[in-house]
Amino acid sequence: MSFLLALRHFGVALLLLLALFVPSFAQEPSPTLCTLSGTITEEKTGEAVISASVALYQGVMPDSANLPKPFRGTLSNKYGFYSLSSLPEGAYTLVVRRIGFKTLRRTLDITNSSTKLNLSLVNEAARLQQVSVQADRQSSLAAVSTVNIPMEFLRQMPAIGGERDIFRTLQLLPGVKAASELSSGLYIRGSTPDQNLILLDGVTVYNPQHLGGFLSAFNPDAVSDVKLIKGAFPAEYGSRLSSVIDLTMKEGSKEKIGGAAGISLISAKALLEGPISTNASFMISGRRMYFDIIGFAADPTGRDVPRYNFYDLNAKVNYRIDDNDHIFLSGYFGRDLLPRLNRPDETTFELGWGNATGNLRWMHIFSPSLFSTFSLIYTQYDFRYAAFETAALKNSKQFETTTAINDLTFKGEMQWFPVEGHSVKGGIEATRHDFTVSILNSAGILQITANPERNRPLQQLQALEIAGFVQDEWEITPSLALNLGARAAYFQSGSHFRLEPRAALAYKLSDETTLKAAYAMAHQFLHLLQENTIALPTDTWFPSTDKLLPSRSMHYVAALETYLFNREYLLTVEGYYKRLENIYEFREGARFVPGATVEGLLTAGTGESYGAEVFLNKQIGAFTGWIGYTLSWATRQFAEINGGRPFFPRYDRRHDLTLALSYKLSDKWEIGATWIYATGQAFTMPIGVLDLAFLPGLVASKNPFTNAATRPFSYLYAERNSYRMPDYHRLDLNLMYKFQWFNLPFEASINIYNVYNRLNPFTVWVDERGNVTALKQYTLLPFLPTIGISCTF
């Protein structure tokens with residue numbers, strides 16, 4: 001009954017949200033006004049062009065780069081669809097622009113109430129394009145903290161082992177940080193990676209990492225668009241606290257069969273795409289690490305060389321039924337596996353995790369002003385870690401953690417262009433979560449709840465999550481735009497209902513300068529539980545319950561954007577404040593013992609982060625790239641951690657400066673460079689030693705370096721993360737050379753990691769040799785040159 005009552009409340013709340021927006025344009029446009037709509041695609045491949053600027057001018061405009069302000073303007077959506085409503089009959093000039101494509105101009109007479117015009121854009125290298133000084137009116141004027149990364153630019157960036165990585169490129173942006181040089185995880189504006197909503201073709205991916213975080217799980221060859229929203233995201237996104245990483249997979253060329261292949265020091269990869277028929281195309285991409293093959297050749301017994309391997313596979317098929325209907329079927333499959341070493345006389349461990357997703361989507365255009373998509377989505381994630389005792393203990397498991405999530409989701413969204421200046425989006429989604437969770441040590445099972453009926457190795461939990469949203473992108477005047485929306489969400493486990501208001505405002509001071517502000521509230525019903533005090537992978541996803549409340553975040557953002565030097569450069573300055581509530585960690589002294597419950601081992605806390613970001617970006621010309629600087633603070637506070645006092649998380653960085661630059665030397669040679677500077681990582685320092693020799697039952701131990709007996713002792717630590725490692729800085733270079741071989745275009749790259757061999761600390765520890773105690777550091781990656789090669793066909 002409680003579920004039905006909450007569902008009724010949810011429906012009433014959604015109707016109230018719709019009532020906020022519908023009255024302002026309830027009247028239909030005058031019959032004398034027209035609507036122009038269509039789709040924008042790439043001419044060669046037929047793929048949708050996302051975020052193309054569509055500007056409409058009254059009359060026939062001359063072929064000049066300097067044009068007046070357009071009469072109407074919009075952007076194409078993720079499917080290339082655009083719509084311009086409330087147009088008087090008459091002659092117009094249509095101008096379509098997108099970085100990486102030639103500008104398209106088309107004159108047309110609009111005489112029908114509904115005019116459909118599908119357009120194709122021709123590819124052109126962004127570095128060859130000229131800058132337009134005309135300022136298009138765009139429906140995304142109020143977008144805040146949003147960055148799109150061109151895939152061409154990502155290809156030019158330095159990469160460890162020649163393995164280019166989407167997330168490592170995102171780490172170069174202001175406000176985005178890495179936990180260490182080994183990690184591709186994204187710590188955005190003081191939040192952890194589990195608080196990021198990561199979407200691949202609209203499907204949530206729980207663990208988007210390979211090699212324990214060294215690489216992201218997404219093959220750049222299979223991705224056509226990358227969008228990052230660092231905070232205050234609109235109502236169409238939900239279920240996470242911090243930010244959105246929205247990736248779109250390639251659809252596959254509709255022109256001819258083709259592909260690409262490459263090999264680096266880490267993995268080999270290949271992509272194949274092409275038409276199936278005149279109305280259908282496909283894309284399939286695979287990547288595999290081959291260290292296990294090398295390990296088998298070097299050590300057939302499997303005793304000394306680990307046989308770590310990973311793979312990922314992307315596939316997509318799309319079928320065009322007619323101009324108004326498309327079907328898309330896409331999937332992602334990835335897995336990491338580290339088998340245990342063949343050492344029966346020693347303690348060993350094994351580790352593995354994987355993701356699998358599938359999305360069946362129907363895109364339907366109801367009318368020139370009403371666009372829709374409907375999706376049936378399956379998501380699966382599993383993780384397992386197990387440590388084994390020695391043969392003396394019969395090779396039994398000492399510790400094991402297992403987690404698995406299976407989600408089945410239905411999602412429907414609509415985009416409506418009712419009258420001039422309004423773009424309304426609305427949608428609803430329902431997800432059934434199935435959790436399998438187990439944490440086991442040699443003594444027994446760590447229970448998930450206090451319910452004695454769940455005392456079994458694998459414990460099953462289910463939860464239903466329902467959410468709906470509505471938002472209106474409203475161009476109030478040519479200089480003032482508003483994105484106003486709200487999201488309602490219900491989570492069955494614990495019967496939680498939450499309402500989330502969202503708003504973003506933009507005001508154009510001139511054609512070059514815009515002021516922006518945004519506010520957003522978000523909730524997260526799934527928690528990633530992490531044990532930070534032991535060196536074991538105990539990460540476990542766990543749903544909210546009646547005791548574990550949903551986490552909540554509140555975002556406040558203010559920004560200034562201005563174009564410089566004839567619009568070649570875009571300068572963005574943003575200030576932000578974010579408040580986090582009901583975030584969880586294992587409390588200090590938490591013990592994994594039989595009978596303990598996860599809820600009993602956790603402590604709830606709060607967090608806040610604030611700072612300022614400066615971003616200077618250049619995407620056009622032979623020289624492209626950006627400079628980013630962040631000044632920020634992030635703190636956490638838990639009642640049962642650090643004595644209840646606030647502390648800095650280890651990924652807190654006071655200063656962060658990045659340069660990411662690319663230059664085309666000639667038709668064959670290109671060079672890319674990145675330089676990073678960051679305040680040192682926070683860590684907890686031992687500041688004293690407590691002599692325990694007076695306690696009964698404690699005996700002397702041996703110093704591992706001198707073999708001399710030492711008195712039993714215990715370290716005394718300062719406040720949590722109150723000390724800093726030395727500052728981090730590094731220069732990386734990438735040199736690319738294009739050539740022909742066997743009549744195929746090839747591309748070779750030389751990557752140099754840490755050019756000037758900076759000995760950055762990866763970790764620090766206390767070293768004792770004799771009577772000397774000192775703090776030591778370990779450097780992981782010194783000067784490291786690598787190579788890679790790829791080709792297209």
# chains A, B, ... in the order shown; residues from 1 in each chain; ligands from 1
>>> residues_around(residues="segment 484-488 of chain A", least_positions_apart="6", cutoff="8 Å", atoms="only C-alpha atoms", output="VMD selection string")
chain A and resid 10 13 to 14 17 234 to 236 238 467 to 474 497 to 504
>>> closest_atom_pairs(of="segment 551-589 of chain A", to="segment 635-652 of chain A", cutoff="12 Å", atoms="only C-alpha atoms", output="tab-separated table")
residue	atom	partner	partner_atom	distance
A:Tyr577	CA	A:Thr635	CA	11.9
A:Lys578	CA	A:Thr635	CA	10.7
A:Arg579	CA	A:Thr635	CA	10.0
A:Leu580	CA	A:Arg636	CA	8.9
A:Glu581	CA	A:Arg636	CA	10.0
A:Asn582	CA	A:Phe638	CA	9.8
A:Ile583	CA	A:Phe638	CA	8.9
A:Tyr584	CA	A:Phe638	CA	8.4
A:Glu585	CA	A:Phe638	CA	8.3
A:Phe586	CA	A:Ile641	CA	8.8
A:Arg587	CA	A:Glu640	CA	5.7
A:Glu588	CA	A:Ile641	CA	5.7
A:Gly589	CA	A:Glu640	CA	9.3
>>> closest_atom_pairs(of="segment 38-140 of chain A", to="segment 372-386 of chain A", cutoff="12 Å", atoms="only C-alpha atoms", output="tab-separated table")
residue	atom	partner	partner_atom	distance
A:Asn77	CA	A:Ser372	CA	11.2
A:Lys78	CA	A:Thr373	CA	10.8
A:Tyr79	CA	A:Thr373	CA	9.7
A:Phe81	CA	A:Ser372	CA	10.4
>>> residues_around(residues="Phe435 of chain A", least_positions_apart="3", cutoff="9 Å", atoms="only C-alpha atoms", output="mmCIF file with N, CA and C atoms, in the first residue's frame")
data_model
loop_
_atom_site.group_PDB
_atom_site.id
_atom_site.type_symbol
_atom_site.label_atom_id
_atom_site.label_comp_id
_atom_site.auth_asym_id
_atom_site.auth_seq_id
_atom_site.Cartn_x
_atom_site.Cartn_y
_atom_site.Cartn_z
ATOM 1 N N THR A 403 29.869 -8.187 -5.559
ATOM 2 C CA THR A 403 28.716 -7.321 -5.765
ATOM 3 C C THR A 403 28.276 -7.434 -7.212
ATOM 4 N N ALA A 404 26.985 -7.410 -7.434
ATOM 5 C CA ALA A 404 26.434 -7.467 -8.788
ATOM 6 C C ALA A 404 25.157 -6.638 -8.823
ATOM 7 N N ILE A 405 24.970 -5.940 -9.931
ATOM 8 C CA ILE A 405 23.772 -5.123 -10.132
ATOM 9 C C ILE A 405 23.197 -5.474 -11.497
ATOM 10 N N ASN A 406 21.897 -5.721 -11.536
ATOM 11 C CA ASN A 406 21.181 -5.926 -12.784
ATOM 12 C C ASN A 406 20.020 -4.940 -12.825
ATOM 13 N N ASP A 407 20.029 -4.082 -13.838
ATOM 14 C CA ASP A 407 18.988 -3.064 -13.987
ATOM 15 C C ASP A 407 18.208 -3.302 -15.271
ATOM 16 N N GLN A 459 23.367 -12.361 -0.937
ATOM 17 C CA GLN A 459 22.148 -11.758 -0.425
ATOM 18 C C GLN A 459 21.516 -10.897 -1.505
ATOM 19 N N GLN A 460 20.247 -11.086 -1.719
ATOM 20 C CA GLN A 460 19.532 -10.434 -2.804
ATOM 21 C C GLN A 460 18.719 -9.251 -2.264
ATOM 22 N N LEU A 461 18.837 -8.124 -2.961
ATOM 23 C CA LEU A 461 18.042 -6.951 -2.636
ATOM 24 C C LEU A 461 17.442 -6.424 -3.921
ATOM 25 N N GLN A 462 16.214 -5.943 -3.847
ATOM 26 C CA GLN A 462 15.554 -5.367 -5.018
ATOM 27 C C GLN A 462 15.025 -3.980 -4.669
ATOM 28 N N ALA A 463 14.943 -3.149 -5.683
ATOM 29 C CA ALA A 463 14.386 -1.808 -5.482
ATOM 30 C C ALA A 463 13.879 -1.286 -6.811
ATOM 31 N N TRP A 541 28.280 -1.497 -4.100
ATOM 32 C CA TRP A 541 27.102 -0.663 -4.318
ATOM 33 C C TRP A 541 25.980 -1.158 -3.425
ATOM 34 N N PHE A 542 25.296 -0.190 -2.789
ATOM 35 C CA PHE A 542 24.262 -0.547 -1.821
ATOM 36 C C PHE A 542 23.135 0.471 -1.927
ATOM 37 N N PRO A 543 21.874 0.029 -1.919
ATOM 38 C CA PRO A 543 20.759 0.965 -2.088
ATOM 39 C C PRO A 543 20.398 1.686 -0.790
#
>>> select_by_dssp(residues="segment 435-640 of chain A", states="alpha helix (DSSP H)", output="ChimeraX atom specification")
/A:598-601
>>> residues_around(residues="Thr169 of chain A", least_positions_apart="5", cutoff="9 Å", atoms="only C-alpha atoms", output="ChimeraX atom specification")
/A:149,154,157,164,660
>>> select_by_dssp(residues="segment 314-440 of chain A", states="strand (DSSP E or B)", output="VMD selection string")
chain A and resid 314 to 322 325 to 338 348 to 367 370 to 388 397 to 416 422 to 440
>>> atom_distance(atom1="atom CA of Leu657 of chain A", atom2="atom CA of Thr779 of chain A")
21.0 Å
>>> residues_around(residues="Arg72 of chain A", least_positions_apart="5", cutoff="8 Å", atoms="only C-alpha atoms", output="list in words")
Ala55, Leu56, Tyr57, Leu84 and Arg137 of chain A
>>> atom_distance(atom1="atom CA of Asp165 of chain A", atom2="atom CA of His210 of chain A")
10.8 Å
>>> closest_atom_pairs(of="segment 34-81 of chain A", to="segment 311-332 of chain A", cutoff="12 Å", atoms="only C-alpha atoms", output="JSON lines")
{"residue": "A:Ser37", "atom": "CA", "partner": "A:Asn324", "partner_atom": "CA", "distance": 11.4}
{"residue": "A:Gly38", "atom": "CA", "partner": "A:Asp323", "partner_atom": "CA", "distance": 9.0}
{"residue": "A:Thr39", "atom": "CA", "partner": "A:Asp323", "partner_atom": "CA", "distance": 9.1}
{"residue": "A:Gly46", "atom": "CA", "partner": "A:Asn318", "partner_atom": "CA", "distance": 11.1}
{"residue": "A:Glu47", "atom": "CA", "partner": "A:Asn318", "partner_atom": "CA", "distance": 10.2}
{"residue": "A:Ala48", "atom": "CA", "partner": "A:Asn318", "partner_atom": "CA", "distance": 11.5}
{"residue": "A:Tyr79", "atom": "CA", "partner": "A:His326", "partner_atom": "CA", "distance": 9.9}
{"residue": "A:Phe81", "atom": "CA", "partner": "A:Asn324", "partner_atom": "CA", "distance": 10.5}
>>> closest_residue(among="A:Leu528, A:Val305, A:Ile263, A:Ile428", to="Ile789 of chain A", atoms="only C-alpha atoms")
A:Ile263
>>> closest_residue(among="A:Phe296, A:Tyr717, A:Tyr610, A:Phe349", to="Ala387 of chain A", atoms="only C-alpha atoms")
A:Phe349
>>> residues_around(residues="Leu661 of chain A", least_positions_apart="6", cutoff="8 Å", atoms="only C-alpha atoms", output="NGL selection string")
:A and (157 or 623-626 or 672-674)
>>> write_last_selection(atoms="C-alpha atoms", output="PDB file, in the first residue's frame")
ATOM      1  CA  MET A 157      46.800  14.403 -27.043  1.00  0.00           C
ATOM      2  CA  PHE A 623      47.012  25.884 -33.236  1.00  0.00           C
ATOM      3  CA  THR A 624      44.293  24.600 -30.879  1.00  0.00           C
ATOM      4  CA  GLY A 625      43.936  23.728 -27.209  1.00  0.00           C
ATOM      5  CA  TRP A 626      43.198  25.236 -23.838  1.00  0.00           C
ATOM      6  CA  GLY A 672      50.527  17.633 -28.989  1.00  0.00           C
ATOM      7  CA  ALA A 673      51.611  18.615 -25.490  1.00  0.00           C
ATOM      8  CA  THR A 674      50.123  18.688 -22.004  1.00  0.00           C
TER       9      THR A 674
END
>>> closest_residue(among="A:Gly80, A:Pro158, A:Pro62, A:Gly412", to="Ile750 of chain A", atoms="only C-alpha atoms")
A:Pro158
>>> residues_around(residues="segment 775-778 of chain A", least_positions_apart="6", cutoff="9 Å", atoms="only C-alpha atoms", output="VMD selection string")
chain A and resid 725 759 to 768
>>> atom_distance(atom1="atom CA of Leu241 of chain A", atom2="atom CA of His523 of chain A")
5.9 Å
>>> closest_residue(among="A:Val144, A:Gly286, A:His729, A:Thr192", to="Leu515 of chain A", atoms="only C-alpha atoms")
A:Val144
>>> closest_residue(among="A:Tyr569, A:Val755, A:Lys256, A:Phe371", to="Gly427 of chain A", atoms="only C-alpha atoms")
A:Phe371
